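Asks: Pasting a structure below so you can have a look.
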Amino acid sequence: MPTALVLLLAVVGLTGYSMLSGSGSDPGSAKPGAAATAPSPPAPTYEPPRDWTDPERWATLPRGARSDTRGKDIGFPQTLEGALGMVVASNSTFVHPGHTNKNEQLALYESYFSASDRSTRLRDGLELAGGESDAQLRRDWGLPVGSELPQGSYVRAHVIGYKVIEHSPTEVSVWLLSRVTTKPGETKAERGSYIRSLAAVRWEQTDWKLSIAAFETASRLAQEQDEPAIVAPGDPAFNPAGWTAIREAS
């Protein structure tokens, strides 16, 4: 299996587990360089400061021009902002009763991967990673294997910030800062955590697509620079880390 594909599946697998489990260690415990090829674990010990420090950089990113049959936004403009909008869309997930992370990963494959990378091996790898994270979620929540999620439960991940690594008219690599919220059931408390991950896209005919080759380049570039700190918008460390905060499109 090509090295870049192994790295990409590692990212998907760890991201799936991180987003679903809500468990992990403090961001400072990650091994040096690990986040260049895989997202950091969530940081439940991180508490956003009470005193708000306004982010210096804000962005409102475009949505896709239309939705595909899976309900995913597609048709982003060939601009840096368009590439970032596609990356945000492809990294936003919502798992709930009747909709698993395996469903999310298969939709990711169908909607967002480059035609040159699409293969049975990649699809099977994404399906396996999604299924493993679903199983881990049930173990963490004390649910029977293969059971349906309880009513009122969910895991939601959305991108709240980014830091561009490198960009051109046809390729963009970026660090993403996401907030993950988990709720094990109707009467259970919601928990929040933050993760940092790596993404890369290429322009392909009429839209931006996730690309294994672009991801391999992004992994190499990311190892040549400091990883941005995992801090929420409003934290005094957010601006020095180089993050840009994302405003919701109206």
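Quick note on naming: the chains in the structure tokens go A, B, ... in the order shown, residues restart at 1 in each chain, and ligands are numbered from 1 in order of appearance.
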Dump as a Markdown table the rows for residues of stretch 90-139 of chain A within 12 Å of stretch 57-68 of chain A: closest atom pair and distance in Å with one decimal, only C-alpha atoms counted, ordered by chain and rising residue number.

Replies:
| residue | atom | partner | partner_atom | distance |
| --- | --- | --- | --- | --- |
| A:Ser90 | CA | A:Gly64 | CA | 11.0 |
| A:Ala107 | CA | A:Asp68 | CA | 10.1 |
| A:Leu108 | CA | A:Asp68 | CA | 11.6 |
| A:Glu110 | CA | A:Asp68 | CA | 9.8 |
| A:Ser111 | CA | A:Asp68 | CA | 7.4 |
| A:Tyr112 | CA | A:Asp68 | CA | 10.5 |

Asks: I'd like to know which residues of stretch 5-236 of chain A are strand (DSSP E or B) (by DSSP, run on the backbone); could you write them as a ChimeraX atom specification?

Replies: /A:58-60,66-67,73-74,93-96,99,113,154-167,171-183,191-204,207-210

Asks: Quick one: pull the distance between atom CA of A:Ala200 and atom CA of A:Gly125, Å, one decimal.

Replies: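 Result for atom CA of A:Ala200 versus atom CA of A:Gly125: 18.5 Å, one decimal.
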
Asks: For A:Asp207, which residue among A:Ser119, A:Thr69, A:Ser147, A:Thr170 is the nearest when counting only C-alpha atoms?

Replies: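 Of all the options, A:Thr170 lies closest to A:Asp207.
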
Asks: What separation in Å, quoted to one decimal, exists between atom CA of A:Phe76 and atom CA of A:Lys209?

Replies: 9.9 Å

Asks: To test your reading of the structure, identify every residue in stretch 24-239 of chain A that backbone DSSP assigns to helix (DSSP H, G or I), and report it as JSON, numbers by chain.

Replies: {"A": [27, 28, 29, 34, 35, 36, 80, 81, 82, 83, 84, 85, 86, 87, 88, 89, 90, 101, 102, 103, 104, 105, 106, 107, 108, 109, 110, 111, 112, 120, 121, 122, 123, 124, 125, 126, 127, 128, 129, 130, 131, 132, 133, 134, 135, 136, 137, 138, 139, 140, 212, 213, 214, 215, 216, 217, 218, 219, 220, 221, 222]}
